Amino acid sequence: MATPHQPTNPAPAAGGYPQPPANSAPMPGGYAPHAPDGHAAPGGYAAPAPGGYAAPPPGGHAGPVPAGQAGTGPVYFVPPTTCRACGGQAVAYTKVRAHVGFLVVMRFEHLDGPFCRTCGLSVVRQMTTRALMLGWWGPLSLVIFNPFTLLWNLRAHLTYRKLPPCPPAPGRVQLEPGLPVLKRPQAYAALIPLAWAIWVVTQIVAHA
């Protein structure tokens, strides 16, 4: 009697997916074999498709993996640990600001750290003097922006004063702190717009 013909492909299991041969080895990485429609067999994930797509998570979708970035995590900004001016070791990462205002034209300036104690105090004194000279010549600058700038620099001044003194790196020099702000004649240019503002207010009150 003739032997019945055996099909070359195994019969589909429940759900319509074919079962792998009994002596077949698992695919590298522990992925289940692909079904004919491109989906994974029940109980496993589909192997990465050509073109650089990663295996999708359960209930999710995978996107293309950029070349050279597979397996990399998020990139975080790490601030420098030495003074940007002299290379000193004891530093603080604080921003110093200056403001220039003339009528309706305004400019906001800033200089980022890190700075050591000596260089930080030098930058604070220079930027604060600039704000005291040029930051009062507009109505919004006089009332809002320049006072905020001076308060910000006062905070930066206190931060740098708390640092211990440190020497510069070999072959580099520290910034010259110079005179304190209140001992610089340029700082008293603020008295001109301040006197003008007081005069305007007194005139308004007197005529009211």
# chains A, B, ... in the order shown; residues from 1 in each chain; ligands from 1

call {"tool": "closest_atom_pairs", "arguments": {"of": "region 154-201 of chain A", "to": "region 116-132 of chain A", "cutoff": "10 Å", "atoms": "only C-alpha atoms", "output": "CSV"}}
result
residue,atom,partner,partner_atom,distance
A:Leu154,CA,A:Val124,CA,8.3
A:Arg155,CA,A:Val124,CA,9.9
A:Ala156,CA,A:Val124,CA,7.2
A:His157,CA,A:Leu121,CA,6.3
A:Leu158,CA,A:Leu121,CA,9.2
A:Thr159,CA,A:Arg117,CA,8.7
A:Tyr160,CA,A:Arg117,CA,5.0
A:Arg161,CA,A:Arg117,CA,6.2
A:Lys162,CA,A:Arg117,CA,7.8
A:Leu163,CA,A:Arg117,CA,5.5
A:Pro164,CA,A:Arg117,CA,6.8
A:Pro165,CA,A:Arg117,CA,6.0
A:Cys166,CA,A:Cys116,CA,7.3
A:Pro167,CA,A:Cys116,CA,9.1
A:Pro168,CA,A:Cys116,CA,8.9
A:Val173,CA,A:Cys119,CA,9.6
A:Gln174,CA,A:Cys119,CA,5.9
A:Leu175,CA,A:Cys119,CA,4.9
A:Glu176,CA,A:Ser122,CA,6.1
A:Pro177,CA,A:Ser122,CA,3.9
A:Gly178,CA,A:Ser122,CA,6.8
A:Leu179,CA,A:Arg125,CA,8.1
A:Pro180,CA,A:Arg125,CA,6.7
A:Val181,CA,A:Arg125,CA,5.7
A:Leu182,CA,A:Thr129,CA,8.8
A:Arg184,CA,A:Thr129,CA,7.9
A:Pro185,CA,A:Thr129,CA,9.3
A:Gln186,CA,A:Thr129,CA,6.7
A:Ala187,CA,A:Leu132,CA,5.2
A:Tyr188,CA,A:Leu132,CA,7.2
A:Ala189,CA,A:Leu132,CA,6.7
A:Ala190,CA,A:Leu132,CA,5.6
A:Leu191,CA,A:Leu132,CA,9.2

call {"tool": "write_last_selection", "arguments": {"atoms": "N, CA and C atoms", "output": "mmCIF file, in the first residue's frame"}}
result
data_model
loop_
_atom_site.group_PDB
_atom_site.id
_atom_site.type_symbol
_atom_site.label_atom_id
_atom_site.label_comp_id
_atom_site.auth_asym_id
_atom_site.auth_seq_id
_atom_site.Cartn_x
_atom_site.Cartn_y
_atom_site.Cartn_z
ATOM 1 N N LEU A 154 24.095 91.166 42.782
ATOM 2 C CA LEU A 154 24.363 91.100 44.220
ATOM 3 C C LEU A 154 24.370 89.649 44.693
ATOM 4 N N ARG A 155 23.452 88.870 44.194
ATOM 5 C CA ARG A 155 23.440 87.426 44.519
ATOM 6 C C ARG A 155 24.706 86.739 44.023
ATOM 7 N N ALA A 156 25.139 87.073 42.787
ATOM 8 C CA ALA A 156 26.373 86.488 42.260
ATOM 9 C C ALA A 156 27.577 86.931 43.083
ATOM 10 N N HIS A 157 27.589 88.187 43.524
ATOM 11 C CA HIS A 157 28.690 88.698 44.352
ATOM 12 C C HIS A 157 28.799 87.909 45.656
ATOM 13 N N LEU A 158 27.671 87.662 46.316
ATOM 14 C CA LEU A 158 27.686 86.894 47.560
ATOM 15 C C LEU A 158 28.131 85.456 47.319
ATOM 16 N N THR A 159 27.749 84.895 46.172
ATOM 17 C CA THR A 159 28.156 83.520 45.854
ATOM 18 C C THR A 159 29.660 83.407 45.697
ATOM 19 N N TYR A 160 30.266 84.347 44.975
ATOM 20 C CA TYR A 160 31.711 84.282 44.747
ATOM 21 C C TYR A 160 32.502 84.630 46.006
ATOM 22 N N ARG A 161 31.955 85.470 46.858
ATOM 23 C CA ARG A 161 32.663 85.806 48.102
ATOM 24 C C ARG A 161 32.769 84.598 49.039
ATOM 25 N N LYS A 162 31.848 83.670 48.937
ATOM 26 C CA LYS A 162 31.876 82.492 49.803
ATOM 27 C C LYS A 162 32.936 81.468 49.384
ATOM 28 N N LEU A 163 33.461 81.609 48.169
ATOM 29 C CA LEU A 163 34.454 80.642 47.690
ATOM 30 C C LEU A 163 35.793 80.875 48.382
ATOM 31 N N PRO A 164 36.559 79.824 48.616
ATOM 32 C CA PRO A 164 37.914 80.009 49.157
ATOM 33 C C PRO A 164 38.855 80.503 48.066
ATOM 34 N N PRO A 165 39.862 81.286 48.409
ATOM 35 C CA PRO A 165 40.842 81.704 47.398
ATOM 36 C C PRO A 165 41.572 80.491 46.828
ATOM 37 N N CYS A 166 41.901 80.558 45.555
ATOM 38 C CA CYS A 166 42.636 79.461 44.915
ATOM 39 C C CYS A 166 43.595 80.054 43.890
ATOM 40 N N PRO A 167 44.723 79.413 43.665
ATOM 41 C CA PRO A 167 45.693 79.920 42.678
ATOM 42 C C PRO A 167 45.240 79.581 41.264
ATOM 43 N N PRO A 168 45.725 80.321 40.281
ATOM 44 C CA PRO A 168 45.395 79.981 38.888
ATOM 45 C C PRO A 168 46.148 78.746 38.429
ATOM 46 N N VAL A 173 46.769 83.547 34.386
ATOM 47 C CA VAL A 173 46.662 84.592 35.413
ATOM 48 C C VAL A 173 45.185 84.850 35.691
ATOM 49 N N GLN A 174 44.910 85.333 36.902
ATOM 50 C CA GLN A 174 43.552 85.665 37.288
ATOM 51 C C GLN A 174 43.197 87.081 36.845
ATOM 52 N N LEU A 175 41.897 87.325 36.712
ATOM 53 C CA LEU A 175 41.437 88.665 36.360
ATOM 54 C C LEU A 175 41.681 89.623 37.519
ATOM 55 N N GLU A 176 41.943 90.861 37.186
ATOM 56 C CA GLU A 176 42.199 91.872 38.202
ATOM 57 C C GLU A 176 40.867 92.372 38.772
ATOM 58 N N PRO A 177 40.629 92.212 40.080
ATOM 59 C CA PRO A 177 39.328 92.650 40.624
ATOM 60 C C PRO A 177 39.110 94.150 40.527
ATOM 61 N N GLY A 178 40.158 94.939 40.710
ATOM 62 C CA GLY A 178 39.989 96.384 40.677
ATOM 63 C C GLY A 178 39.281 96.907 41.912
ATOM 64 N N LEU A 179 38.868 98.156 41.838
ATOM 65 C CA LEU A 179 38.192 98.792 42.964
ATOM 66 C C LEU A 179 36.783 98.242 43.148
ATOM 67 N N PRO A 180 36.286 98.249 44.384
ATOM 68 C CA PRO A 180 34.864 97.911 44.585
ATOM 69 C C PRO A 180 33.970 98.856 43.787
ATOM 70 N N VAL A 181 32.758 98.426 43.538
ATOM 71 C CA VAL A 181 31.852 99.186 42.666
ATOM 72 C C VAL A 181 31.599 100.582 43.207
ATOM 73 N N LEU A 182 31.338 100.706 44.492
ATOM 74 C CA LEU A 182 30.994 102.007 45.060
ATOM 75 C C LEU A 182 32.180 102.957 45.131
ATOM 76 N N ARG A 184 34.103 103.399 42.406
ATOM 77 C CA ARG A 184 34.351 103.744 41.010
ATOM 78 C C ARG A 184 33.468 104.922 40.627
ATOM 79 N N PRO A 185 34.035 105.975 40.096
ATOM 80 C CA PRO A 185 33.211 107.147 39.746
ATOM 81 C C PRO A 185 32.112 106.827 38.738
ATOM 82 N N GLN A 186 32.355 105.864 37.832
ATOM 83 C CA GLN A 186 31.349 105.558 36.819
ATOM 84 C C GLN A 186 30.038 105.074 37.421
ATOM 85 N N ALA A 187 30.119 104.470 38.609
ATOM 86 C CA ALA A 187 28.916 103.920 39.214
ATOM 87 C C ALA A 187 27.915 104.998 39.589
ATOM 88 N N TYR A 188 28.382 106.213 39.777
ATOM 89 C CA TYR A 188 27.484 107.278 40.233
ATOM 90 C C TYR A 188 26.816 108.000 39.078
ATOM 91 N N ALA A 189 26.997 107.509 37.870
ATOM 92 C CA ALA A 189 26.206 108.040 36.758
ATOM 93 C C ALA A 189 24.725 107.764 36.966
ATOM 94 N N ALA A 190 24.403 106.777 37.826
ATOM 95 C CA ALA A 190 23.004 106.475 38.114
ATOM 96 C C ALA A 190 22.306 107.620 38.814
ATOM 97 N N LEU A 191 23.057 108.523 39.443
ATOM 98 C CA LEU A 191 22.430 109.629 40.150
ATOM 99 C C LEU A 191 21.729 110.591 39.203
#

call {"tool": "residues_around", "arguments": {"residues": "Leu103 (chain A)", "least_positions_apart": "4", "cutoff": "7 Å", "atoms": "only C-alpha atoms", "output": "ChimeraX atom specification"}}
result
/A:137-139

call {"tool": "write_last_selection", "arguments": {"atoms": "N, CA and C atoms", "output": "PDB file, in the first residue's frame"}}
result
ATOM      1  N   TRP A 137      18.635 104.652  31.349  1.00  0.00           N
ATOM      2  CA  TRP A 137      18.250 105.706  30.420  1.00  0.00           C
ATOM      3  C   TRP A 137      16.980 105.394  29.632  1.00  0.00           C
ATOM      4  N   GLY A 138      16.125 104.582  30.191  1.00  0.00           N
ATOM      5  CA  GLY A 138      14.817 104.292  29.597  1.00  0.00           C
ATOM      6  C   GLY A 138      13.811 104.047  30.705  1.00  0.00           C
ATOM      7  N   PRO A 139      12.535 104.291  30.456  1.00  0.00           N
ATOM      8  CA  PRO A 139      11.552 104.139  31.537  1.00  0.00           C
ATOM      9  C   PRO A 139      11.462 102.722  32.081  1.00  0.00           C
TER      10      PRO A 139
END

call {"tool": "atom_distance", "arguments": {"atom1": "CA of Ala195 (chain A)", "atom2": "CA of Val100 (chain A)"}}
result
18.6 Å

call {"tool": "residues_around", "arguments": {"residues": "Gly171 (chain A)", "least_positions_apart": "5", "cutoff": "12 Å", "atoms": "only C-alpha atoms", "output": "PyMOL selection string"}}
result
chain A and resi 85-88

call {"tool": "write_last_selection", "arguments": {"atoms": "N, CA and C atoms", "output": "PDB file, in the first residue's frame"}}
result
ATOM      1  N   ALA A  85      38.417  81.633  33.262  1.00  0.00           N
ATOM      2  CA  ALA A  85      39.385  82.707  33.041  1.00  0.00           C
ATOM      3  C   ALA A  85      40.800  82.291  33.401  1.00  0.00           C
ATOM      4  N   CYS A  86      40.981  81.629  34.558  1.00  0.00           N
ATOM      5  CA  CYS A  86      42.337  81.328  35.014  1.00  0.00           C
ATOM      6  C   CYS A  86      42.589  79.842  35.232  1.00  0.00           C
ATOM      7  N   GLY A  87      41.565  79.015  35.165  1.00  0.00           N
ATOM      8  CA  GLY A  87      41.753  77.584  35.387  1.00  0.00           C
ATOM      9  C   GLY A  87      41.806  77.176  36.837  1.00  0.00           C
ATOM     10  N   GLY A  88      41.422  78.064  37.769  1.00  0.00           N
ATOM     11  CA  GLY A  88      41.408  77.706  39.185  1.00  0.00           C
ATOM     12  C   GLY A  88      40.421  76.586  39.483  1.00  0.00           C
TER      13      GLY A  88
END

call {"tool": "residues_around", "arguments": {"residues": "Arg97 (chain A)", "least_positions_apart": "5", "cutoff": "7 Å", "atoms": "only C-alpha atoms", "output": "number ranges by chain"}}
result
A: 109-111, 127, 149, 153

call {"tool": "write_last_selection", "arguments": {"atoms": "C-alpha atoms", "output": "mmCIF file, in the first residue's frame"}}
result
data_model
loop_
_atom_site.group_PDB
_atom_site.id
_atom_site.type_symbol
_atom_site.label_atom_id
_atom_site.label_comp_id
_atom_site.auth_asym_id
_atom_site.auth_seq_id
_atom_site.Cartn_x
_atom_site.Cartn_y
_atom_site.Cartn_z
ATOM 1 C CA GLU A 109 24.051 91.094 28.464
ATOM 2 C CA HIS A 110 25.342 88.204 30.512
ATOM 3 C CA LEU A 111 28.532 86.255 31.119
ATOM 4 C CA MET A 127 29.269 94.143 34.723
ATOM 5 C CA THR A 149 20.003 93.169 37.046
ATOM 6 C CA ASN A 153 24.574 90.608 40.463
#

call {"tool": "closest_residue", "arguments": {"among": "A:Met106, A:Cys83, A:Val96, A:Ala90", "to": "Leu142 (chain A)", "atoms": "only C-alpha atoms"}}
result
A:Met106

call {"tool": "closest_residue", "arguments": {"among": "A:Ala208, A:Ala92, A:Leu150, A:Val201", "to": "Trp136 (chain A)", "atoms": "only C-alpha atoms"}}
result
A:Leu150

call {"tool": "decode", "arguments": {"residues": "region 134-156 of chain A", "atoms": "C-alpha atoms", "output": "compact mmCIF listing (two decimals), in the first residue's frame"}}
result
# COMPACT_ATOMS: atom_id res chain seq x y z
CA LEU A 134 24.13 102.58 31.05
CA GLY A 135 21.09 100.85 32.48
CA TRP A 136 18.95 103.80 33.63
CA TRP A 137 18.25 105.71 30.42
CA GLY A 138 14.82 104.29 29.60
CA PRO A 139 11.55 104.14 31.54
CA LEU A 140 11.32 100.34 31.70
CA SER A 141 15.04 100.02 32.29
CA LEU A 142 14.84 102.51 35.16
CA VAL A 143 11.87 100.90 36.90
CA ILE A 144 12.14 97.17 36.13
CA PHE A 145 15.08 95.73 34.25
CA ASN A 146 18.10 97.46 35.72
CA PRO A 147 17.03 97.01 39.36
CA PHE A 148 16.54 93.31 38.63
CA THR A 149 20.00 93.17 37.05
CA LEU A 150 21.61 94.75 40.10
CA LEU A 151 19.84 92.36 42.48
CA TRP A 152 20.97 89.41 40.37
CA ASN A 153 24.57 90.61 40.46
CA LEU A 154 24.36 91.10 44.22
CA ARG A 155 23.44 87.43 44.52
CA ALA A 156 26.37 86.49 42.26
